[in-house]
Every structure is written in structure tokens, then in C-alpha cells.
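Notes follow the structure.
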Amino acid sequence: MIERNGNLIVISGPSGVGKSTLVKQARTELPYLEFSVSCTTRSPRAGEVDGKDYFFLSEYEFENRVQQGEFIEYAGVFDHRYGTLKSEVLHRIRRGADVILDIDVQGARLIRQASLDDTEIARAAQFIMIVPPDVATLEARLSGRNSETPESLKLRLAGAKSELANFRLYDYLVVNDDLDTAAAELISLLKCMKMRTATIKGEPFA
Ligand code: 5GP
């Protein structure tokens, strides 16, 4: 029998690109997928649940976890701090689960860097970026969302453009023009990851 480690699947995409909707659809379609719940110092939005959407921490609690070495990566995004806990990821990939990390470009870059001297991460990490068909579409979607103050909207738009400029950091690009098409593309990518040779444990054919 072929035994595998799981994949550590980094998914990034600028604010407003439809990333959460796509990831949600993929998780419904592929229920074996697990999700890394990040820590953040931002306040919960309406409907967000602590421990499910994020672990909502104070600056002090976040810094404590940084000092304790609890994060695989952490970064400042907009005015707040976000980080991926080792405890959300490593034991899961060791038992063969595919874990999705919804993190920004800085976090993706840190995981790429970590993979240079950590073979476990190098074998597991796969990088997907979700992009809009063009910047104008993204602007329209983001201002239609109405969840941001004008100030934060401006910040997110500027952030979006610089995120998109980093697309070559990723292995795969999913263009979200039509939602169903993008969801189908994302799902087929995630299915393919189950067939990667890099995650196979030992020498099953010896
Ligand atoms: P939001 O505040 O809209 O939930 O997320 C803002 C941005 O932070 C998104 O691009 C999201 O991918 C990113 N993000 C969420 N969690 C993490 C994390 O643990 N690490 C990093 N680097 N970025 C994160």
C-alpha cells in the first residue's frame, strides 16, 4: 500500500477575488481537505467565529506566540498581524491530510523560504494563486462588497495590485472570471495533488 504525507496547500489571492467562496466550494466538494485556522489581531467581522474563521488574538497574545516560536510564518497585512500556527499544520500533513492555508503573498514567500532548508515543507508545499481576469474587475467587486471603510478599501486595492505582481511565486494560477469554472479548476488542481510523488513515504515498491 502506498502511504503518503499530506500536501501543504498555500492559496493566496487579493482581497475581493472570490478566494473564500472558491475555497468553500472546494471544501464542500472534497471533504477530506483540512483548513489551517490562522491567528489574527484584527477584529472579527459580522458572522466570523473565533476558532473557526480565525483565532482572534490581542497584540500581546500574538507577540507571545511569536516569541514562543509557534508560527510557521507570520506577517503584517494591512494594519494587522496574521500568522499560521505550526500546530494547525505539521501534525496533519504527517498523518497524510491535505491542509489549506489561506495566506497572503508575504506568508507564501516565507513558506517558500522555509522549504529551502526544511525537506518536510519542501515536499509538502504547493502554491496556488487566485486572480481576477483584470484589475478593473477586482476593483468593481471589492467596492460592491460594502464590508470595508473607504480607507480600508483604498488600502486593499493597493495591496491587491502588489499581490498580483507576485504571481510567479506560485506554481498555479486560477483565474476567477466565471465562478463555476474557477471552482472546477481549483478542484481539479487539488485532486491532482493527491497524485504527487513527492508526498509518498518510503519505498513502496521495494
Ligand atoms: P482578511 O482580513 O480579509 O480575513 O485577510 C486579509 C489577508 O490576510 C488575506 O490575504 C489573507 O489571505 C491573509 N491571511 C490570513 N491569514 C493569514 C496568515 O496566517 N498568514 C498570512 N501571511 N496571511 C494571512
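So you can find residues: chains in the C-alpha cells are A, B, ... in the order shown, residues in each start at 1, and ligands are numbered from 1 in order.
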- [ ] Identify, on the basis of only C-alpha atoms, every residue whose closest approach to segment 166-183 of chain A does not exceed 10 Å; exclude the query and any residue fewer than 3 positions from it along the same chain; express the result as a VMD selection string.
- [x] chain A and resid 10 to 13 17 to 19 21 to 26 29 105 to 106 108 to 109 112 125 to 134 137 to 138 161 to 163 186 to 189
Just write the chosen residues, N, CA and C atoms, as a compact mmCIF listing (two decimals), in the first residue's frame.
```txt
# COMPACT_ATOMS: atom_id res chain seq x y z
N VAL A 10 -0.83 26.22 -0.14
CA VAL A 10 -0.94 27.66 0.09
C VAL A 10 -1.83 28.26 -1.00
N ILE A 11 -2.88 28.94 -0.58
CA ILE A 11 -3.74 29.61 -1.56
C ILE A 11 -3.78 31.10 -1.22
N SER A 12 -3.35 31.92 -2.17
CA SER A 12 -3.39 33.36 -1.98
C SER A 12 -4.22 33.98 -3.08
N GLY A 13 -4.59 35.21 -2.85
CA GLY A 13 -5.33 35.94 -3.88
C GLY A 13 -5.75 37.24 -3.24
N VAL A 17 -11.21 38.79 -4.63
CA VAL A 17 -11.07 37.94 -5.83
C VAL A 17 -12.03 36.74 -5.80
N GLY A 18 -12.62 36.50 -4.61
CA GLY A 18 -13.55 35.38 -4.51
C GLY A 18 -12.89 34.14 -3.93
N LYS A 19 -11.74 34.37 -3.29
CA LYS A 19 -10.96 33.25 -2.75
C LYS A 19 -11.75 32.45 -1.70
N THR A 21 -14.98 32.11 -1.28
CA THR A 21 -16.05 31.34 -1.91
C THR A 21 -15.50 30.11 -2.61
N LEU A 22 -14.39 30.30 -3.31
CA LEU A 22 -13.80 29.17 -4.04
C LEU A 22 -13.28 28.10 -3.10
N VAL A 23 -12.64 28.53 -2.03
CA VAL A 23 -12.10 27.56 -1.07
C VAL A 23 -13.26 26.82 -0.40
N LYS A 24 -14.34 27.54 -0.12
CA LYS A 24 -15.51 26.91 0.50
C LYS A 24 -16.09 25.84 -0.43
N GLN A 25 -16.19 26.17 -1.72
CA GLN A 25 -16.72 25.19 -2.69
C GLN A 25 -15.83 23.97 -2.78
N ALA A 26 -14.52 24.22 -2.77
CA ALA A 26 -13.58 23.09 -2.85
C ALA A 26 -13.72 22.20 -1.63
N GLU A 29 -16.81 20.07 -1.95
CA GLU A 29 -16.63 19.02 -2.96
C GLU A 29 -15.63 17.96 -2.52
N VAL A 105 0.71 36.99 0.17
CA VAL A 105 1.95 36.76 -0.59
C VAL A 105 3.19 36.73 0.32
N GLN A 106 3.20 37.60 1.33
CA GLN A 106 4.36 37.59 2.25
C GLN A 106 4.49 36.24 2.94
N ALA A 108 3.29 33.37 1.83
CA ALA A 108 3.67 32.37 0.83
C ALA A 108 5.18 32.42 0.61
N ARG A 109 5.73 33.63 0.55
CA ARG A 109 7.17 33.76 0.33
C ARG A 109 7.95 33.17 1.50
N ARG A 112 7.93 29.47 1.13
CA ARG A 112 8.91 29.10 0.09
C ARG A 112 10.32 29.10 0.67
N ALA A 125 4.75 21.47 0.24
CA ALA A 125 4.19 22.78 -0.13
C ALA A 125 3.87 22.92 -1.62
N GLN A 126 2.68 23.39 -1.89
CA GLN A 126 2.22 23.69 -3.25
C GLN A 126 1.53 25.06 -3.18
N PHE A 127 1.73 25.85 -4.21
CA PHE A 127 1.30 27.24 -4.14
C PHE A 127 0.31 27.57 -5.26
N ILE A 128 -0.86 28.05 -4.87
CA ILE A 128 -1.88 28.40 -5.85
C ILE A 128 -2.27 29.87 -5.65
N MET A 129 -2.31 30.62 -6.74
CA MET A 129 -2.81 32.00 -6.62
C MET A 129 -4.11 32.14 -7.40
N ILE A 130 -5.09 32.77 -6.76
CA ILE A 130 -6.35 33.05 -7.43
C ILE A 130 -6.35 34.51 -7.86
N VAL A 131 -6.60 34.73 -9.13
CA VAL A 131 -6.51 36.09 -9.68
C VAL A 131 -7.80 36.48 -10.39
N PRO A 132 -8.05 37.79 -10.48
CA PRO A 132 -9.20 38.24 -11.28
C PRO A 132 -8.80 38.25 -12.75
N PRO A 133 -9.76 38.32 -13.67
CA PRO A 133 -9.38 38.41 -15.09
C PRO A 133 -8.61 39.69 -15.38
N ASP A 134 -8.91 40.76 -14.65
CA ASP A 134 -8.17 42.01 -14.78
C ASP A 134 -8.40 42.88 -13.54
N THR A 137 -11.99 44.53 -12.90
CA THR A 137 -13.00 43.61 -12.36
C THR A 137 -12.85 43.50 -10.85
N LEU A 138 -11.62 43.44 -10.41
CA LEU A 138 -11.36 43.33 -8.98
C LEU A 138 -11.85 44.57 -8.24
N LYS A 161 -2.98 45.04 -6.01
CA LYS A 161 -2.09 45.18 -7.17
C LYS A 161 -0.71 44.64 -6.88
N SER A 162 -0.21 44.93 -5.67
CA SER A 162 1.15 44.44 -5.42
C SER A 162 1.15 42.92 -5.20
N GLU A 163 0.05 42.37 -4.69
CA GLU A 163 -0.04 40.91 -4.57
C GLU A 163 0.01 40.27 -5.96
N LEU A 186 -9.96 24.84 -9.65
CA LEU A 186 -9.32 24.69 -8.34
C LEU A 186 -9.47 23.26 -7.83
N ILE A 187 -10.67 22.72 -7.98
CA ILE A 187 -10.93 21.35 -7.51
C ILE A 187 -10.08 20.34 -8.27
N SER A 188 -9.92 20.54 -9.58
CA SER A 188 -9.09 19.56 -10.29
C SER A 188 -7.62 19.67 -9.89
N LEU A 189 -7.17 20.88 -9.63
CA LEU A 189 -5.79 21.03 -9.13
C LEU A 189 -5.60 20.30 -7.81
```
Open item on the list: To check your reading of the model: which residues sit at most 7 Å from ligand 1 when counting only C-alpha atoms and all ligand atoms? Write the answer as a list of chain:residue names.
Closed with: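 Using only C-alpha atoms and all ligand atoms, I find these residues within 7 Å of ligand 1: A:Ser12, A:Gly13, A:Pro14, A:Ser15, A:Ser38, A:Cys39, A:Thr40, A:Arg42, A:Glu73, A:Tyr74, A:Ala75, A:Val77, A:Tyr82, A:Gly83, A:Thr84, A:Asp102, A:Ile103, A:Asp104, A:Val105, A:Gln106, A:Gly107, A:Ala108.
Computed from the coordinates, the atom CA of Arg123 of chain A to atom CA of Glu3 of chain A distance equals 14.1 Å.
Atom CA of Arg92 of chain A lies 14.7 Å from atom CA of Pro31 of chain A.
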Open item on the list: Among segment 10-130 of chain A, which residues does DSSP mark as strand (DSSP E) when it is run on the backbone? Keep the chain and numbering as in the structure and answer as an NGL selection string.
Closed with: :A and (10-12 or 34-35 or 38-40 or 54-56 or 71-77 or 80-85 or 99-102 or 125-130)
Could you save those same residues with N, CA, C and O atoms as a CSV table (one decimal), in the first residue's frame?
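File produced: out_1.csv:
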```csv
chain,number,residue,atom,x,y,z
A,10,VAL,N,-0.8,26.2,-0.1
A,10,VAL,CA,-0.9,27.7,0.1
A,10,VAL,C,-1.8,28.3,-1.0
A,10,VAL,O,-1.6,28.1,-2.2
A,11,ILE,N,-2.9,28.9,-0.6
A,11,ILE,CA,-3.7,29.6,-1.6
A,11,ILE,C,-3.8,31.1,-1.2
A,11,ILE,O,-4.1,31.5,-0.1
A,12,SER,N,-3.3,31.9,-2.2
A,12,SER,CA,-3.4,33.4,-2.0
A,12,SER,C,-4.2,34.0,-3.1
A,12,SER,O,-4.5,33.4,-4.1
A,34,GLU,N,-8.4,19.7,4.9
A,34,GLU,CA,-8.5,20.4,6.2
A,34,GLU,C,-8.0,21.8,6.0
A,34,GLU,O,-7.4,22.1,5.0
A,35,PHE,N,-8.4,22.6,6.9
A,35,PHE,CA,-8.1,24.1,6.8
A,35,PHE,C,-7.3,24.6,8.0
A,35,PHE,O,-7.7,24.3,9.1
A,38,SER,N,-5.9,30.5,11.0
A,38,SER,CA,-4.8,31.4,11.3
A,38,SER,C,-5.1,32.2,12.5
A,38,SER,O,-6.3,32.4,13.0
A,39,CYS,N,-4.1,32.8,13.1
A,39,CYS,CA,-4.3,33.8,14.2
A,39,CYS,C,-4.3,35.2,13.5
A,39,CYS,O,-3.6,35.5,12.5
A,40,THR,N,-5.1,36.1,14.1
A,40,THR,CA,-5.0,37.5,13.6
A,40,THR,C,-5.3,38.4,14.8
A,40,THR,O,-6.0,38.1,15.7
A,54,TYR,N,-10.9,32.4,12.4
A,54,TYR,CA,-9.6,32.8,12.9
A,54,TYR,C,-9.5,32.6,14.4
A,54,TYR,O,-10.5,32.4,15.0
A,55,PHE,N,-8.3,32.6,14.9
A,55,PHE,CA,-8.1,32.7,16.3
A,55,PHE,C,-7.9,34.2,16.5
A,55,PHE,O,-6.9,34.7,16.0
A,56,PHE,N,-8.8,34.9,17.1
A,56,PHE,CA,-8.7,36.4,17.2
A,56,PHE,C,-7.9,36.7,18.5
A,56,PHE,O,-8.3,36.4,19.6
A,71,PHE,N,4.7,30.0,15.3
A,71,PHE,CA,4.2,30.2,13.9
A,71,PHE,C,5.2,29.6,12.9
A,71,PHE,O,6.4,29.6,13.0
A,72,ILE,N,4.6,29.0,11.8
A,72,ILE,CA,5.4,28.6,10.6
A,72,ILE,C,5.8,29.9,9.9
A,72,ILE,O,6.8,30.1,9.3
A,73,GLU,N,4.8,30.8,9.8
A,73,GLU,CA,5.0,32.1,9.2
A,73,GLU,C,4.1,33.1,9.8
A,73,GLU,O,3.0,32.7,10.3
A,74,TYR,N,4.5,34.4,9.8
A,74,TYR,CA,3.6,35.4,10.3
A,74,TYR,C,3.9,36.7,9.5
A,74,TYR,O,5.1,36.8,9.1
A,75,ALA,N,3.0,37.6,9.3
A,75,ALA,CA,3.2,38.8,8.6
A,75,ALA,C,2.2,39.9,9.0
A,75,ALA,O,1.2,39.6,9.6
A,76,GLY,N,2.6,41.1,8.6
A,76,GLY,CA,1.7,42.2,8.8
A,76,GLY,C,0.9,42.4,7.5
A,76,GLY,O,1.5,42.5,6.5
A,77,VAL,N,-0.4,42.3,7.6
A,77,VAL,CA,-1.2,42.5,6.4
A,77,VAL,C,-2.2,43.7,6.7
A,77,VAL,O,-2.9,43.6,7.7
A,80,HIS,N,-2.8,44.9,10.5
A,80,HIS,CA,-2.9,43.9,11.5
A,80,HIS,C,-1.9,42.8,11.2
A,80,HIS,O,-1.3,42.7,10.2
A,81,ARG,N,-1.7,41.9,12.2
A,81,ARG,CA,-0.8,40.8,12.1
A,81,ARG,C,-1.6,39.5,11.9
A,81,ARG,O,-2.7,39.3,12.5
A,82,TYR,N,-1.0,38.6,11.1
A,82,TYR,CA,-1.7,37.4,10.7
A,82,TYR,C,-0.6,36.3,10.8
A,82,TYR,O,0.6,36.5,10.4
A,83,GLY,N,-0.9,35.1,11.3
A,83,GLY,CA,0.1,34.0,11.3
A,83,GLY,C,-0.5,32.6,11.3
A,83,GLY,O,-1.6,32.4,11.7
A,84,THR,N,0.3,31.7,10.7
A,84,THR,CA,-0.1,30.3,10.6
A,84,THR,C,0.6,29.5,11.8
A,84,THR,O,1.9,29.6,11.9
A,85,LEU,N,-0.2,28.9,12.6
A,85,LEU,CA,0.4,28.1,13.7
A,85,LEU,C,0.9,26.8,13.2
A,85,LEU,O,0.3,26.1,12.4
A,99,VAL,N,-3.7,20.1,3.8
A,99,VAL,CA,-4.1,21.2,4.6
A,99,VAL,C,-4.0,22.5,3.8
A,99,VAL,O,-3.0,22.8,3.1
A,100,ILE,N,-5.1,23.3,3.8
A,100,ILE,CA,-5.2,24.5,3.0
A,100,ILE,C,-4.8,25.7,3.9
A,100,ILE,O,-5.3,25.8,5.0
A,101,LEU,N,-3.9,26.5,3.4
A,101,LEU,CA,-3.5,27.8,4.1
A,101,LEU,C,-4.0,28.9,3.2
A,101,LEU,O,-3.4,29.1,2.1
A,102,ASP,N,-4.9,29.7,3.7
A,102,ASP,CA,-5.3,30.9,3.0
A,102,ASP,C,-4.5,32.1,3.6
A,102,ASP,O,-4.8,32.6,4.6
A,125,ALA,N,4.8,21.5,0.2
A,125,ALA,CA,4.2,22.8,-0.1
A,125,ALA,C,3.9,22.9,-1.6
A,125,ALA,O,4.7,22.6,-2.5
A,126,GLN,N,2.7,23.4,-1.9
A,126,GLN,CA,2.2,23.7,-3.2
A,126,GLN,C,1.5,25.1,-3.2
A,126,GLN,O,0.8,25.3,-2.2
A,127,PHE,N,1.7,25.9,-4.2
A,127,PHE,CA,1.3,27.2,-4.1
A,127,PHE,C,0.3,27.6,-5.3
A,127,PHE,O,0.6,27.4,-6.4
A,128,ILE,N,-0.9,28.0,-4.9
A,128,ILE,CA,-1.9,28.4,-5.9
A,128,ILE,C,-2.3,29.9,-5.7
A,128,ILE,O,-2.5,30.3,-4.5
A,129,MET,N,-2.3,30.6,-6.7
A,129,MET,CA,-2.8,32.0,-6.6
A,129,MET,C,-4.1,32.1,-7.4
A,129,MET,O,-4.2,31.7,-8.5
A,130,ILE,N,-5.1,32.8,-6.8
A,130,ILE,CA,-6.3,33.1,-7.4
A,130,ILE,C,-6.3,34.5,-7.9
A,130,ILE,O,-6.1,35.4,-7.1
```
- [ ] Please provide the set of residues having any atom within 9 Å of Ile93 of chain A, restricted to only C-alpha atoms, with same-chain residues fewer than 4 positions apart removed, written as a list of chain:residue names.
- [x]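 Here the qualifying residues turn out to be A:Arg4, A:Asn5, A:Gly6, A:Asn7, A:Leu8, A:Val89, A:Ala97, A:Asp98, A:Val99, A:Ala124.
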Put those residues in a file: N, CA, C and O atoms, as a short mmCIF file (atom, residue, chain, number, x, y, z; two decimals), in the first residue's frame.
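Wrote result.cif, looks like this:
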```
data_model
loop_
_atom_site.label_atom_id
_atom_site.label_comp_id
_atom_site.auth_asym_id
_atom_site.auth_seq_id
_atom_site.Cartn_x
_atom_site.Cartn_y
_atom_site.Cartn_z
N ARG A 4 1.22 8.12 2.21
CA ARG A 4 1.63 9.47 1.85
C ARG A 4 1.61 10.43 3.02
O ARG A 4 0.80 10.26 3.94
N ASN A 5 2.44 11.46 2.91
CA ASN A 5 2.25 12.64 3.73
C ASN A 5 1.22 13.51 3.02
O ASN A 5 0.95 13.31 1.83
N GLY A 6 0.69 14.47 3.75
CA GLY A 6 -0.27 15.37 3.12
C GLY A 6 0.41 16.51 2.38
O GLY A 6 1.62 16.69 2.48
N ASN A 7 -0.37 17.25 1.65
CA ASN A 7 0.12 18.45 0.98
C ASN A 7 -0.19 19.67 1.84
O ASN A 7 -1.26 19.75 2.47
N LEU A 8 0.74 20.60 1.82
CA LEU A 8 0.52 21.88 2.49
C LEU A 8 0.19 22.86 1.35
O LEU A 8 1.08 23.20 0.56
N VAL A 89 -0.83 22.76 11.29
CA VAL A 89 -0.39 22.21 10.01
C VAL A 89 0.43 20.92 10.11
O VAL A 89 0.07 19.92 9.49
N ALA A 97 -2.97 14.25 5.83
CA ALA A 97 -4.07 15.14 5.44
C ALA A 97 -3.56 16.28 4.55
O ALA A 97 -2.43 16.77 4.74
N ASP A 98 -4.37 16.71 3.61
CA ASP A 98 -4.06 17.89 2.81
C ASP A 98 -4.61 19.11 3.55
O ASP A 98 -5.80 19.17 3.86
N VAL A 99 -3.73 20.07 3.81
CA VAL A 99 -4.13 21.23 4.61
C VAL A 99 -4.05 22.50 3.77
O VAL A 99 -3.02 22.76 3.14
N ALA A 124 5.95 19.01 0.85
CA ALA A 124 4.50 19.16 1.01
C ALA A 124 3.93 20.42 0.34
O ALA A 124 2.78 20.43 -0.07
#
```
